[in-house]
Every structure is written in structure tokens, then in C-alpha cells.
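Structure data (mmCIF, C-alpha atoms) from start-v7.cif:
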```cif
data_structure
#
loop_
_atom_site.label_atom_id
_atom_site.label_comp_id
_atom_site.auth_asym_id
_atom_site.auth_seq_id
_atom_site.Cartn_x
_atom_site.Cartn_y
_atom_site.Cartn_z
CA GLY A 1 119.00 61.33 119.72
CA ILE A 2 116.67 63.44 121.87
CA ALA A 3 113.58 62.38 123.83
CA ILE A 4 111.34 64.16 126.32
CA GLY A 5 111.11 62.68 129.80
CA LEU A 6 109.04 63.79 132.78
CA ALA A 7 110.07 64.45 136.34
CA VAL A 8 108.63 65.58 139.67
CA ASN A 9 110.30 68.16 141.88
CA SER A 10 109.40 70.24 144.93
CA THR A 11 107.19 72.55 142.87
CA GLY A 12 105.35 69.91 140.83
CA GLY A 13 106.02 68.26 137.50
CA ASP A 14 108.55 69.22 134.85
CA ILE A 15 109.66 68.12 131.40
CA LEU A 16 113.16 66.80 130.94
CA PHE A 17 115.08 66.75 127.67
CA ILE A 18 117.40 63.77 127.34
CA GLU A 19 120.19 64.35 124.84
CA THR A 20 122.46 61.70 123.39
CA SER A 21 125.51 61.83 121.16
CA LYS A 22 128.16 59.46 119.88
CA VAL A 23 131.83 59.90 119.06
CA GLN A 24 134.58 57.59 117.91
CA GLY A 25 135.74 55.49 120.82
CA SER A 26 135.84 52.01 122.26
CA GLY A 27 132.38 51.29 123.67
CA GLY A 28 132.43 53.74 126.58
CA LEU A 29 129.49 55.52 128.21
CA ILE A 30 129.54 59.07 129.59
CA VAL A 31 126.61 60.36 131.66
CA THR A 32 126.33 64.03 132.69
CA GLY A 33 123.78 66.35 134.27
CA GLN A 34 124.28 65.96 138.04
CA LEU A 35 122.54 62.61 138.29
CA GLY A 36 122.05 60.46 141.34
CA GLU A 37 123.12 56.83 141.46
CA VAL A 38 119.68 55.44 140.62
CA MET A 39 119.38 57.61 137.51
CA GLN A 40 122.86 56.64 136.35
CA GLU A 41 121.90 53.00 136.74
CA SER A 42 118.81 53.65 134.60
CA VAL A 43 120.99 54.99 131.80
CA ARG A 44 123.24 51.94 131.94
CA THR A 45 120.20 49.66 131.95
CA ALA A 46 118.73 51.43 128.92
CA LEU A 47 121.96 50.94 126.99
CA THR A 48 122.22 47.28 127.91
CA ILE A 49 118.64 46.70 126.72
CA LEU A 50 119.53 48.09 123.29
CA GLN A 51 122.80 46.18 123.13
CA ALA A 52 120.87 42.97 123.84
CA LYS A 53 118.36 43.82 121.13
CA ALA A 54 121.16 44.38 118.62
CA LEU A 55 122.40 40.88 119.44
CA ASN A 56 118.92 39.45 119.27
CA LYS A 57 119.28 38.15 115.73
CA PRO A 58 122.49 36.15 115.20
CA PRO A 59 124.26 34.47 113.50
CA SER A 60 126.74 37.12 112.27
CA ASP A 61 127.87 40.68 112.97
CA ASP A 62 126.30 41.69 109.66
CA VAL A 63 122.79 40.79 110.80
CA GLN A 64 120.86 43.76 112.10
CA GLY A 65 118.96 43.67 115.36
CA ASP A 66 115.19 44.03 115.43
CA ILE A 67 115.30 47.85 115.57
CA GLY A 68 117.90 48.22 112.87
CA MET A 69 121.17 48.22 114.83
CA LEU A 70 124.25 46.20 114.02
CA PRO A 71 125.73 44.30 116.99
CA SER A 72 129.13 45.72 116.04
CA ALA A 73 127.81 49.30 116.21
CA PHE A 74 128.72 49.63 119.89
CA SER A 75 132.34 48.54 119.72
CA ASP A 76 133.91 51.56 118.00
CA ILE A 77 131.96 54.45 119.53
CA ASP A 78 131.55 56.15 122.89
CA LEU A 79 128.07 57.26 123.89
CA HIS A 80 127.28 60.41 125.85
CA VAL A 81 123.93 60.89 127.59
CA HIS A 82 123.26 64.37 128.96
CA PHE A 83 120.42 65.74 131.08
CA PRO A 84 120.37 69.57 130.73
CA ALA A 85 119.98 71.93 133.70
CA GLY A 86 123.17 70.55 135.16
CA ALA A 87 122.94 72.74 138.24
CA VAL A 88 119.82 70.85 139.33
CA ALA A 89 120.29 67.48 141.03
CA LYS A 90 118.26 64.65 139.49
CA ASP A 91 117.58 61.11 140.60
CA GLY A 92 115.06 58.31 140.33
CA PRO A 93 114.27 55.50 137.88
CA SER A 94 111.41 57.05 135.93
CA ALA A 95 113.56 58.46 133.11
CA GLY A 96 114.59 54.95 132.08
CA LEU A 97 112.04 54.64 129.29
CA ALA A 98 112.74 58.09 127.82
CA THR A 99 116.49 57.38 127.96
CA THR A 100 115.99 54.13 126.09
CA ILE A 101 114.03 55.95 123.39
CA ALA A 102 116.67 58.68 123.07
CA LEU A 103 119.48 56.14 122.72
CA ALA A 104 117.50 54.09 120.20
CA SER A 105 116.99 57.24 118.14
CA LEU A 106 120.70 58.00 118.17
CA LEU A 107 121.77 54.48 117.28
CA THR A 108 119.20 53.92 114.53
CA GLY A 109 119.13 57.46 113.11
CA ARG A 110 115.34 57.63 113.42
CA LEU A 111 113.53 60.74 114.64
CA VAL A 112 111.54 60.64 117.89
CA ARG A 113 108.03 62.09 117.79
CA SER A 114 108.04 65.59 119.23
CA ASP A 115 104.46 65.43 120.52
CA THR A 116 105.30 62.63 122.94
CA ALA A 117 106.78 62.47 126.44
CA TRP A 118 107.78 59.28 128.24
CA THR A 119 107.90 58.06 131.82
CA GLY A 120 108.57 54.62 133.24
CA GLU A 121 111.23 52.49 134.87
CA VAL A 122 112.81 49.83 132.67
CA THR A 123 114.27 46.46 133.59
CA LEU A 124 117.08 44.52 131.92
CA ARG A 125 114.46 42.22 130.40
CA GLY A 126 112.77 45.19 128.78
CA HIS A 127 109.74 45.46 131.06
CA VAL A 128 108.30 48.89 131.86
CA LEU A 129 107.45 49.32 135.54
CA PRO A 130 105.11 51.87 137.18
CA VAL A 131 106.40 55.16 138.57
CA GLY A 132 105.04 57.91 140.79
CA GLY A 133 103.89 61.47 140.20
CA ILE A 134 101.71 60.71 137.18
CA LYS A 135 99.34 63.63 137.72
CA GLU A 136 102.16 66.13 138.15
CA LYS A 137 103.99 64.79 135.10
CA VAL A 138 100.92 64.89 132.86
CA LEU A 139 100.14 68.45 133.91
CA ALA A 140 103.73 69.45 133.11
CA ALA A 141 103.48 67.86 129.68
CA HIS A 142 100.20 69.65 129.04
CA ARG A 143 101.71 73.02 130.00
CA ALA A 144 104.54 72.39 127.54
CA GLY A 145 102.13 71.68 124.70
CA ILE A 146 102.78 67.95 124.59
CA CYS A 147 99.65 66.03 123.63
CA ARG A 148 100.83 62.43 124.10
CA VAL A 149 102.30 60.85 127.22
CA VAL A 150 103.40 57.22 127.16
CA LEU A 151 102.91 55.57 130.54
CA PRO A 152 103.47 52.16 132.14
CA SER A 153 100.30 50.09 131.91
CA ALA A 154 100.33 49.62 135.68
CA ASN A 155 99.86 53.39 136.09
CA LYS A 156 96.47 53.35 134.35
CA PRO A 157 94.54 53.82 137.65
CA GLN A 158 96.36 57.13 138.25
CA LEU A 159 94.82 58.59 135.10
CA ARG A 160 91.63 59.06 137.11
CA ASP A 161 93.42 61.86 138.97
CA ILE A 162 93.91 63.93 135.79
CA PRO A 163 91.39 66.80 135.34
CA LYS A 164 88.86 65.76 132.72
CA ASP A 165 89.43 68.72 130.41
CA ILE A 166 93.13 67.88 130.23
CA SER A 167 92.75 64.11 129.91
CA GLU A 168 90.29 64.54 127.03
CA SER A 169 92.76 66.71 125.13
CA MET A 170 95.67 64.25 125.42
CA GLU A 171 96.53 60.67 124.54
CA PHE A 172 97.92 58.17 127.04
CA PRO A 173 99.32 55.06 125.33
CA LEU A 174 100.02 52.37 127.90
CA VAL A 175 102.97 50.01 127.55
CA THR A 176 104.30 47.00 129.39
CA SER A 177 107.58 46.64 127.48
CA VAL A 178 110.29 48.61 125.73
CA ASP A 179 109.34 46.82 122.51
CA GLU A 180 105.83 48.30 122.66
CA ALA A 181 107.25 51.75 123.33
CA LEU A 182 109.68 51.55 120.40
CA GLN A 183 106.82 50.72 118.06
CA MET A 184 105.22 54.10 118.74
CA ALA A 185 108.35 56.20 119.31
CA PHE A 186 109.46 57.37 115.90
CA VAL A 187 108.27 59.69 113.16
CA ASP A 188 106.95 57.67 110.22
CA ASP A 189 109.51 57.24 107.47
CA SER A 190 106.91 58.47 104.98
CA GLU A 191 106.85 61.83 106.76
CA THR A 192 110.61 62.36 106.66
CA GLY A 193 111.80 60.64 103.53
CA GLU A 194 114.35 58.19 104.87
CA GLY A 195 113.43 59.03 108.45
CA THR A 196 116.98 59.71 109.56
CA ALA A 197 118.12 62.20 112.14
CA ASP A 198 120.70 63.68 109.75
CA GLU A 199 118.16 64.75 107.13
CA ASP A 200 115.64 67.56 106.87
CA SER A 201 112.87 66.85 109.39
CA SER A 202 110.58 69.70 108.35
CA LYS A 203 108.03 67.21 107.05
CA GLY A 204 107.95 65.29 110.32
CA ARG A 205 107.41 66.15 113.96
CA ALA A 206 110.70 65.32 115.63
CA VAL A 207 112.31 66.34 118.90
CA ASN A 208 115.48 66.94 116.86
CA ASP A 209 113.67 69.92 115.25
CA VAL A 210 115.53 72.81 116.93
CA PRO A 211 112.80 75.48 116.46
CA LEU A 212 110.25 73.12 117.97
CA VAL A 213 112.51 72.35 120.93
CA ARG A 214 112.94 76.07 121.54
CA ALA A 215 109.18 76.55 121.42
CA ILE A 216 108.68 73.83 124.03
CA ILE A 217 111.33 75.35 126.25
CA ALA A 218 109.62 78.75 125.95
CA ALA A 219 106.32 77.18 126.94
CA LYS A 220 108.03 75.48 129.89
CA LEU A 221 109.49 78.77 131.14
#
```
The structure in this file should be written as C-alpha cells.
Amino acid sequence: GIAIGLAVNSTGGDILFIETSKVQGSGGLIVTGQLGEVMQESVRTALTILQAKALNKPPSDDVQGDIGMLPSAFSDIDLHVHFPAGAVAKDGPSAGLATTIALASLLTGRLVRSDTAWTGEVTLRGHVLPVGGIKEKVLAAHRAGICRVVLPSANKPQLRDIPKDISESMEFPLVTSVDEALQMAFVDDSETGEGTADEDSSKGRAVNDVPLVRAIIAAKL
């Protein structure tokens, strides 16, 4: 239930951990972290995308959606999405893709790859739209030891602005849809046994790996 997003602030780029959790409830959504209206809308959009995907394969509540979620899974839980560093105001649409990945991880129990950061605006139809600050975001990911940044396909021209030594040491998968992003988001099941977030992830590279998260934070600081 954790993914790494990217942001731009007054001093350059920064990485952004997006945490998600679920508790017994009635389908509610809680969003915290001093977010602006646009960012809150991105979280709601991300959730609606996944709810639609869970309903993508009728005919009954027992039929799983195309990323392994039951349509009924949303009705008896409340979801909480948190953006740490709550004292810092945050806004903008570019965390939409990373939020979608974090929520998909939580709801499916699959581990997100820890070597990957995400940026991109998402639409209700699941398209991934271009965002700004690509150079600053990539440099921030590189400083944090992240070697893979998933970008909107429309941002491909901005990759020319990345210093060659950095671009050659990283991967930049380009996506046009949430479906494409989900296909590359998770640790392979073969690396983690069942591939669930509740099991030992020492064989996989997952953001849920606490020592690894601490190492990334140390690199960031």
C-alpha cells in the first residue's frame, strides 16, 4: 500500500511517499497530508478508476476485476490515503498515477516495486496525461537511489533535458494508461512467494520493505 511519487517545490524536485491503509467501515475515503483541492481530486479519481476496474467483469459480486479485486471489496472498508510531511502544503495533479498504484497495492495485496517512482495525471477513463517538472523529478529520484521512473508518454521530449550520465543509468518506461502502469508496478509473484503485502518481502524489492524505505529517506535527507 505504498508507492513513491515525485514532486517539484521551490528548491527543485523531491520524492513523495504515498501511504494507504484500510479499516472496517462503509466505503469512506480519508485523505491527509495538507493537500490542496487539485491533489484531493486526484486521490478521488484514482479510487474511482480502481472501483470501475473491479466492476469491469460482471456478472456477479464473486467475479474478480482484472487486477484481482472483488467489486464488493469497497463496501465494507474505509480507505485512508496519507502524504507524509504534513507540515508542507502539497497540490497539483501529478501524484495521480502514484496514488493509483499505491491504492491498487493495498486493495490487491501485491507489493509495489521499490526501484520505481511514478509521475503523471490520471483521468477517470484511465488515461495518463503529461505533467511538468520532469527534469527536477528525475534528478530527485536519482539522488534517492531510484533507478526507474515511469512517465507519461507525452513527456518523452522532456527526457532530452536529463544529463546524459544520469539518463543512461536509469530506465524511463512510458505509459499512456493506468492499465499499462499496473502491468509494470508490482514485484513478481515468483520473487515473493504469493506476492502479498502481508508476507515476508525479503526476496522481493518492495516499497513496503521498511529498511529499504528508511534507506531511501536517508538518501533523500
Tell me, counting only C-alpha atoms, for each residue of stretch 80-128 of chain A within 6 Å of stretch 35-39 of chain A, which pair of atoms is nearest and how far apart they are in Å to one decimal, in rows ordered by chain and increasing number, as CSV.
```
residue,atom,partner,partner_atom,distance
A:Lys90,CA,A:Leu35,CA,4.9
A:Asp91,CA,A:Gly36,CA,4.6
A:Gly92,CA,A:Met39,CA,5.2
A:Pro93,CA,A:Met39,CA,5.5
```
Review point. When the PyMOL selection byres ((chain A and resi 18-30) around 6) is applied to the file above, which residues end up in the set, as an MDAnalysis selection string?
Key: chainID A and resid 1:3 17 31 74:83
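Atom to atom, atom CA of A:Gly96 and atom CA of A:Lys164 stand 27.9 Å apart.
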Practice item. Would you mind listing what lies within 7 Å of A:Ser153 as a list in words, with only C-alpha atoms counted and same-chain residues fewer than 2 positions away left out? Key: Leu151, Asn155, Lys156, Leu174, Val175 and Thr176 of chain A
Point to revise | Matched chain/residue IDs from the PyMOL selection byres ((chain A and resi 114-118) around 7), as a count of residues only | key: 18
Check your understanding: How far is it from atom CA of A:Gln158 to atom CA of A:Ala46, in Å with one decimal?
Key ->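 Atom CA of A:Gln158 sits 24.9 Å away from atom CA of A:Ala46.
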**Study point:** Top pick for closest residue to A:Asp188, considering A:Lys53, A:Arg143, A:Arg160, A:Arg110 and counting only C-alpha atoms
**Key:**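 Smallest separation from A:Asp188 among the options: A:Arg110.
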